[in-house]
$ cat query02.txt   # compact mmCIF, C-alpha atoms
# COMPACT_ATOMS: atom_id res chain seq x y z
CA MET F 120 46.80 73.62 -0.05
CA ASN F 121 43.19 72.89 0.90
CA ARG F 122 41.96 72.82 -2.69
CA LYS F 123 42.54 69.47 -4.38
CA PRO F 124 45.06 69.54 -7.23
CA PHE F 125 44.11 68.04 -10.57
CA ALA F 126 47.24 65.86 -10.73
CA THR F 127 49.41 63.85 -8.39
CA VAL F 128 52.96 63.32 -9.65
CA LEU F 129 54.89 60.41 -8.14
CA VAL F 130 58.69 60.09 -8.30
CA PRO F 131 60.14 56.90 -6.80
CA THR F 132 63.78 57.09 -5.72
CA HIS F 133 66.50 54.94 -4.19
CA ASN F 134 70.06 56.00 -4.95
CA HIS F 135 70.06 58.99 -7.29
CA ALA F 136 70.62 61.86 -4.87
CA HIS F 137 73.01 63.48 -7.38
CA LEU F 138 70.40 63.37 -10.18
CA ILE F 139 66.94 63.70 -8.66
CA GLY F 140 67.17 67.47 -8.30
CA TYR F 141 67.11 67.87 -12.09
CA ALA F 142 64.09 65.58 -12.41
CA ILE F 143 62.17 67.48 -9.72
CA ARG F 144 63.05 70.88 -11.18
CA SER F 145 61.81 69.75 -14.60
CA ILE F 146 58.50 68.86 -12.92
CA GLN F 147 58.33 72.16 -11.04
CA ASP F 148 58.75 74.02 -14.35
CA GLN F 149 55.64 72.51 -15.96
CA SER F 150 53.32 74.84 -17.83
CA PHE F 151 50.48 72.96 -16.07
CA SER F 152 51.09 73.74 -12.40
CA ASP F 153 47.98 72.29 -10.72
CA PHE F 154 49.66 69.28 -9.09
CA GLU F 155 51.07 67.82 -5.91
CA LEU F 156 54.43 66.02 -6.06
CA PHE F 157 55.08 62.84 -4.07
CA VAL F 158 58.72 61.72 -3.85
CA VAL F 159 58.68 58.14 -2.58
CA GLY F 160 61.96 57.05 -1.00
CA ASP F 161 62.77 53.33 -1.10
CA GLY F 162 65.59 53.04 1.41
CA ALA F 163 66.95 56.32 0.04
CA SER F 164 70.00 58.02 1.51
CA ALA F 165 70.09 60.97 3.86
CA GLU F 166 71.58 62.96 0.97
CA THR F 167 68.45 62.25 -1.09
CA ARG F 168 66.25 63.46 1.78
CA ASP F 169 68.32 66.63 1.98
CA VAL F 170 68.03 67.34 -1.76
CA VAL F 171 64.26 66.86 -1.72
CA GLY F 172 63.92 68.76 1.55
CA ASP F 173 65.75 71.78 0.15
CA LEU F 174 63.40 71.91 -2.84
CA ALA F 175 60.30 71.32 -0.71
CA ARG F 176 61.05 74.24 1.58
CA SER F 177 60.30 76.64 -1.25
CA ASP F 178 57.55 74.58 -2.90
CA PRO F 179 54.66 73.32 -0.74
CA ARG F 180 53.52 71.02 -3.56
CA ILE F 181 56.40 68.65 -2.74
CA ARG F 182 56.02 65.91 -0.16
CA TYR F 183 58.64 63.28 0.72
CA PHE F 184 57.72 59.74 1.83
CA ASP F 185 60.61 58.09 3.68
CA PHE F 186 60.31 54.29 3.53
CA PRO F 187 62.89 51.63 4.41
CA LYS F 188 64.19 49.52 1.51
CA GLY F 189 61.33 47.41 0.26
CA GLN F 190 61.05 44.30 -1.89
CA ARG F 191 62.49 44.77 -5.37
CA HIS F 192 62.02 48.46 -6.29
CA GLY F 193 59.74 49.33 -3.40
CA GLU F 194 56.62 49.14 -5.55
CA ALA F 195 54.43 48.55 -2.50
CA HIS F 196 55.54 51.93 -1.12
CA ARG F 197 54.05 53.61 -4.17
CA HIS F 198 50.70 52.03 -3.39
CA VAL F 199 50.83 53.31 0.19
CA ALA F 200 51.65 56.84 -0.99
CA LEU F 201 48.83 56.81 -3.54
CA GLN F 202 46.31 56.22 -0.76
CA GLU F 203 46.96 59.86 0.14
CA ALA F 204 46.83 61.19 -3.42
CA ARG F 205 44.34 64.01 -3.97
CA GLY F 206 44.71 64.34 -7.73
CA GLU F 207 42.20 63.16 -10.30
CA ILE F 208 45.06 61.84 -12.40
CA VAL F 209 48.45 60.34 -11.53
CA ALA F 210 51.64 60.89 -13.53
CA TYR F 211 55.08 59.39 -12.94
CA CYS F 212 58.66 60.45 -13.51
CA GLY F 213 61.90 58.54 -13.02
CA ASP F 214 64.34 60.18 -10.63
CA ASP F 215 66.97 60.52 -13.38
CA ASP F 216 64.66 61.49 -16.25
CA LEU F 217 63.40 64.87 -17.45
CA TRP F 218 60.00 66.26 -18.37
CA LEU F 219 59.76 69.01 -20.95
CA ARG F 220 57.49 71.88 -19.89
CA SER F 221 54.49 70.60 -21.86
CA HIS F 222 54.47 67.04 -20.52
CA LEU F 223 51.90 67.24 -17.74
CA ALA F 224 49.57 69.48 -19.75
CA SER F 225 49.60 66.99 -22.65
CA LEU F 226 49.12 63.97 -20.38
CA ALA F 227 46.32 65.70 -18.46
CA LYS F 228 44.50 66.39 -21.72
CA LEU F 229 44.86 62.74 -22.72
CA LEU F 230 43.55 61.49 -19.39
CA LYS F 231 40.48 63.72 -19.38
CA ARG F 232 38.97 61.29 -21.91
CA HIS F 233 40.82 58.06 -21.08
CA ASP F 234 41.60 56.03 -17.97
CA PHE F 235 45.17 54.99 -18.74
CA GLY F 236 47.67 56.20 -21.31
CA HIS F 237 51.10 57.48 -22.11
CA MET F 238 53.10 60.01 -24.05
CA VAL F 239 55.83 58.78 -26.37
CA GLN F 240 59.01 57.53 -24.67
CA ILE F 241 62.16 59.08 -26.12
CA ASN F 242 65.37 57.33 -25.08
CA VAL F 243 68.79 58.98 -24.94
CA HIS F 244 71.59 56.98 -26.56
CA GLY F 245 74.07 59.86 -26.89
CA ARG F 246 74.21 63.64 -27.31
CA ASN F 247 71.44 64.39 -29.79
CA GLU F 248 71.07 60.66 -30.41
CA PHE F 249 67.50 59.80 -29.48
CA VAL F 250 65.57 56.60 -30.14
CA VAL F 251 61.83 55.88 -29.98
CA TYR F 252 60.51 52.33 -29.91
CA GLY F 253 57.47 52.26 -32.18
CA GLY F 254 54.04 51.45 -30.81
CA SER F 255 50.70 53.08 -30.13
CA PHE F 256 47.41 51.96 -28.62
CA ALA F 257 45.81 53.27 -31.81
CA GLU F 258 47.36 50.38 -33.74
CA PRO F 259 45.03 47.36 -34.09
CA GLY F 260 45.84 44.69 -31.52
CA CYS F 261 48.67 46.69 -29.95
CA TRP F 262 47.37 47.03 -26.42
CA GLN F 263 46.23 43.40 -26.40
CA LYS F 264 49.79 42.25 -27.18
CA VAL F 265 51.19 44.31 -24.31
CA ARG F 266 48.45 43.04 -22.01
CA ASP F 267 49.34 39.45 -22.89
CA GLY F 268 53.06 39.81 -22.16
CA GLU F 269 54.75 41.50 -25.12
CA LYS F 270 57.30 44.09 -24.04
CA ALA F 271 55.70 47.52 -23.75
CA PHE F 272 57.06 50.47 -25.73
CA PHE F 273 56.91 52.94 -22.84
CA GLY F 274 58.01 53.07 -19.22
CA LEU F 275 57.36 54.91 -15.99
CA THR F 276 58.22 58.49 -16.95
CA VAL F 277 55.59 58.82 -19.69
CA GLY F 278 52.77 56.76 -18.18
CA GLY F 279 49.72 57.99 -16.31
CA HIS F 280 46.20 57.10 -15.26
CA ARG F 281 43.08 58.40 -13.62
CA MET F 282 42.98 57.76 -9.87
CA SER F 283 39.48 56.34 -10.28
CA ALA F 284 40.92 53.68 -12.62
CA TYR F 285 43.61 52.78 -10.09
CA ARG F 286 41.04 52.30 -7.35
CA VAL F 287 39.10 49.66 -9.31
CA LEU F 288 42.16 47.46 -9.83
CA PRO F 289 42.19 44.28 -7.71
CA VAL F 290 45.86 44.97 -6.89
CA GLY F 291 47.74 48.24 -7.37
CA TRP F 292 51.48 48.75 -7.25
CA SER F 293 53.13 45.57 -5.95
CA PRO F 294 56.53 43.88 -6.37
CA ALA F 295 57.00 42.57 -9.90
CA PRO F 296 58.18 38.98 -10.43
CA ASP F 297 61.91 38.52 -11.00
CA GLY F 298 62.85 39.27 -14.58
CA THR F 299 59.82 41.53 -15.16
CA TYR F 300 60.06 45.30 -15.52
CA THR F 301 58.19 46.84 -12.60
CA ASP F 302 56.41 49.52 -14.66
CA GLN F 303 55.27 47.05 -17.33
CA PHE F 304 53.96 44.73 -14.62
CA MET F 305 51.84 47.67 -13.39
CA TRP F 306 50.71 48.75 -16.86
CA ARG F 307 49.35 45.27 -17.63
CA LYS F 308 47.05 45.53 -14.62
CA PHE F 309 45.28 48.45 -16.28
CA LEU F 310 45.18 46.70 -19.65
CA ARG F 311 43.61 43.60 -18.08
CA GLN F 312 40.93 45.53 -16.20
CA PRO F 313 37.59 45.41 -18.05
CA GLY F 314 35.93 48.68 -19.01
CA LEU F 315 38.96 50.98 -19.03
CA ARG F 316 39.86 53.27 -21.94
CA PHE F 317 43.45 53.52 -23.22
CA ALA F 318 45.23 56.08 -25.39
CA SER F 319 48.67 57.05 -26.72
CA GLY F 320 50.03 60.56 -27.19
CA LEU F 321 52.83 60.94 -29.71
CA GLU F 322 54.19 64.32 -28.68
CA ALA F 323 57.77 64.98 -27.58
CA THR F 324 57.29 65.83 -23.89
CA SER F 325 60.03 64.02 -21.95
CA ILE F 326 63.47 62.41 -22.08
CA HIS F 327 64.31 58.98 -20.68
CA ILE F 328 67.89 58.27 -19.57
CA ALA F 329 68.28 54.52 -18.96
CA SER F 330 70.42 53.78 -15.90
CA PRO F 331 71.12 50.12 -16.89
CA ALA F 332 72.92 51.39 -20.01
CA ARG F 333 75.15 53.61 -17.85
CA THR F 334 76.32 51.28 -15.10
CA ASP F 335 79.96 51.96 -15.99
CA TRP F 336 79.52 55.75 -15.91
CA THR F 337 80.86 57.80 -13.02
CA ALA F 338 78.53 59.97 -10.97
CA GLN F 339 80.18 63.01 -12.52
CA GLU F 340 79.45 61.72 -16.04
CA ARG F 341 75.82 61.08 -15.18
CA VAL F 342 75.42 64.56 -13.72
CA ALA F 343 77.11 66.20 -16.72
CA GLU F 344 74.77 64.43 -19.15
CA LEU F 345 71.61 65.27 -17.23
CA LYS F 346 72.68 68.87 -16.59
CA ASP F 347 73.34 69.36 -20.32
CA LEU F 348 69.92 67.99 -21.30
CA PHE F 349 68.19 70.00 -18.56
CA GLU F 350 69.76 73.23 -19.79
CA ARG F 351 68.87 72.47 -23.42
CA ARG F 352 65.33 71.26 -22.79
CA ASP F 353 63.74 74.38 -24.29
CA SER F 354 66.09 74.68 -27.26
CA ALA F 355 64.94 74.42 -30.88
CA GLU F 356 67.86 72.08 -31.58
CA LEU F 357 66.69 69.56 -29.01
CA ARG F 358 63.07 69.82 -30.15
CA VAL F 359 64.08 69.01 -33.74
CA ALA F 360 66.11 65.99 -32.59
CA LEU F 361 63.28 64.63 -30.46
CA GLU F 362 60.68 65.06 -33.18
CA GLN F 363 62.95 63.36 -35.70
CA ALA F 364 63.20 60.35 -33.39
CA ILE F 365 59.39 60.12 -33.28
CA ARG F 366 59.17 60.52 -37.06
CA THR F 367 61.66 57.68 -37.55
CA ALA F 368 59.63 55.30 -35.37
CA HIS F 369 56.19 56.42 -36.57
CA HIS F 370 56.33 56.92 -40.33
CA GLY F 371 54.15 59.77 -41.53
CA TRP F 372 53.94 61.37 -38.08
CA THR F 373 53.58 65.16 -38.03
CA PRO F 374 54.00 67.39 -34.95
CA PRO F 375 50.63 68.61 -33.58
CA ASP F 376 51.72 72.24 -34.09
CA ASP F 377 52.65 71.70 -37.74
CA PRO F 378 51.29 74.68 -39.78
CA LEU F 379 49.35 72.39 -42.13
CA LEU F 380 47.58 70.67 -39.23
CA VAL F 381 46.83 74.02 -37.62
CA ARG F 382 45.18 75.20 -40.86
CA LEU F 383 43.22 71.96 -41.13
CA ALA F 384 42.09 72.33 -37.54
CA GLY F 385 40.83 75.83 -38.28
CA GLN F 386 38.88 74.63 -41.30
CA ALA F 387 37.48 71.74 -39.28
CA LYS F 388 36.25 74.11 -36.59
CA LEU F 389 34.39 76.15 -39.19
CA LEU F 390 32.74 72.95 -40.39
CA GLY F 391 31.83 71.90 -36.86
CA VAL F 392 34.19 68.91 -36.87
CA HIS F 393 35.84 67.94 -33.57
CA VAL F 394 39.43 69.11 -33.93
CA GLU F 395 41.13 66.39 -31.89
CA ASN F 396 39.48 63.61 -33.91
CA LEU F 397 40.71 65.22 -37.14
CA VAL F 398 44.23 66.11 -36.17
CA ARG F 399 45.12 63.48 -33.60
CA ARG F 400 43.10 60.52 -34.65
CA TRP F 401 46.12 58.26 -34.09
CA ARG F 402 45.75 58.91 -30.37
CA GLN F 403 42.50 57.02 -30.09
CA PRO F 404 42.55 53.44 -28.71
CA SER F 405 41.69 50.56 -31.00
$ encode --input "query02.txt" --output "structure tokens"
Amino acid sequence: MNRKPFATVLVPTHNHAHLIGYAIRSIQDQSFSDFELFVVGDGASAETRDVVGDLARSDPRIRYFDFPKGQRHGEAHRHVALQEARGEIVAYCGDDDLWLRSHLASLAKLLKRHDFGHMVQINVHGRNEFVVYGGSFAEPGCWQKVRDGEKAFFGLTVGGHRMSAYRVLPVGWSPAPDGTYTDQFMWRKFLRQPGLRFASGLEATSIHIASPARTDWTAQERVAELKDLFERRDSAELRVALEQAIRTAHHGWTPPDDPLLVRLAGQAKLLGVHVENLVRRWRQPS
């Protein structure tokens, strides 16, 4: 692996040895394969090391960082790991979440023209019950509200940034204050840094399974849920459910591969109009 990959994917983990294998396999199955994968252990168990080690033996892109338990969620460990990142962009995935096959390709495309951004976060509330919290950097004043403390509408699994943007921050990953979500604390650092460009992508590319909403679930129940979603991640049924969740949160939204938009894109190309500006204008920052 002498050639530098385009992307570095970082998965922080602590106590999800029974779930992280699904998250990693969903990353391995990406249509965009030019990446290295950093799994950053924050006082993780020997079982977690074994799961990651088994996967790494057949995939040299995977590297495990074994840290003792750090402050809060071990955010400082992520900063240490990123000092060894070789990718031009950095993407993140929770150790109990799933990426659909198109996630990294879509995020990479977004970050070729922007410094920090995200795909839409789709939350699982039940089987085929998916919820999206509305919000986009294309909306006037949206990113400024998040910068100034309003709760963000996306978390770790759908966020990403250029490594060059991370390097200009005064402080990178660091422990968040008590009562503050660690990913949102990090996102605000990008939003407060002058000169950076932000963007939102409203495509269905991942699934977020919130652990705090499942504290009373058994390990077997958690595994059954994640296994079911993993096995259905390419199904038309799941795609329809995810896109409906986006449509509910973002009125008037149309999937990028909608036949009408494809025809419009073709006409635009004939006229010399930039296709992305015509079809995905809502992705542009305010």
$ closest_residue --input "query02.txt" --among "F:Leu226, F:Ala195, F:Ala343, F:Met238" --to "Gln149 in chain F" --atoms "all atoms listed in the file"
F:Leu226
$ residues_around --input "query02.txt" --residues "range 176-188 of chain F" --least-positions-apart "5" --cutoff "8 Å" --atoms "all atoms listed in the file" --output "ChimeraX atom specification"
/F:120,154-163,168,171,193,196,200
$ residues_around --input "query02.txt" --residues "Ala329 in chain F" --least-positions-apart "4" --cutoff "9 Å" --atoms "all atoms listed in the file" --output "ChimeraX atom specification"
/F:215-216,242-244,333
$ atom_distance --input "query02.txt" --atom1 "CA of His198 in chain F" --atom2 "CA of Gly236 in chain F"
18.6 Å
$ closest_atom_pairs --input "query02.txt" --of "range 142-244 of chain F" --to "range 251-261 of chain F" --cutoff "8 Å" --atoms "only C-alpha atoms" --output "JSON lines"
{"residue": "F:Val239", "atom": "CA", "partner": "F:Val251", "partner_atom": "CA", "distance": 7.6}
{"residue": "F:Gln240", "atom": "CA", "partner": "F:Val251", "partner_atom": "CA", "distance": 6.2}
{"residue": "F:Ile241", "atom": "CA", "partner": "F:Val251", "partner_atom": "CA", "distance": 5.0}
{"residue": "F:Asn242", "atom": "CA", "partner": "F:Val251", "partner_atom": "CA", "distance": 6.2}
$ atom_distance --input "query02.txt" --atom1 "CA of Leu201 in chain F" --atom2 "CA of Trp292 in chain F"
9.3 Å
$ residues_around --input "query02.txt" --residues "Leu217 in chain F" --least-positions-apart "6" --cutoff "10 Å" --atoms "all atoms listed in the file" --output "ChimeraX atom specification"
/F:139,141-146,276,324-328,345,348-349,352
$ atom_distance --input "query02.txt" --atom1 "CA of Ser330 in chain F" --atom2 "CA of Ser221 in chain F"
23.9 Å
$ closest_residue --input "query02.txt" --among "F:Ala338, F:Leu357, F:Ala364, F:Leu229" --to "His135 in chain F" --atoms "all atoms listed in the file"
F:Ala338
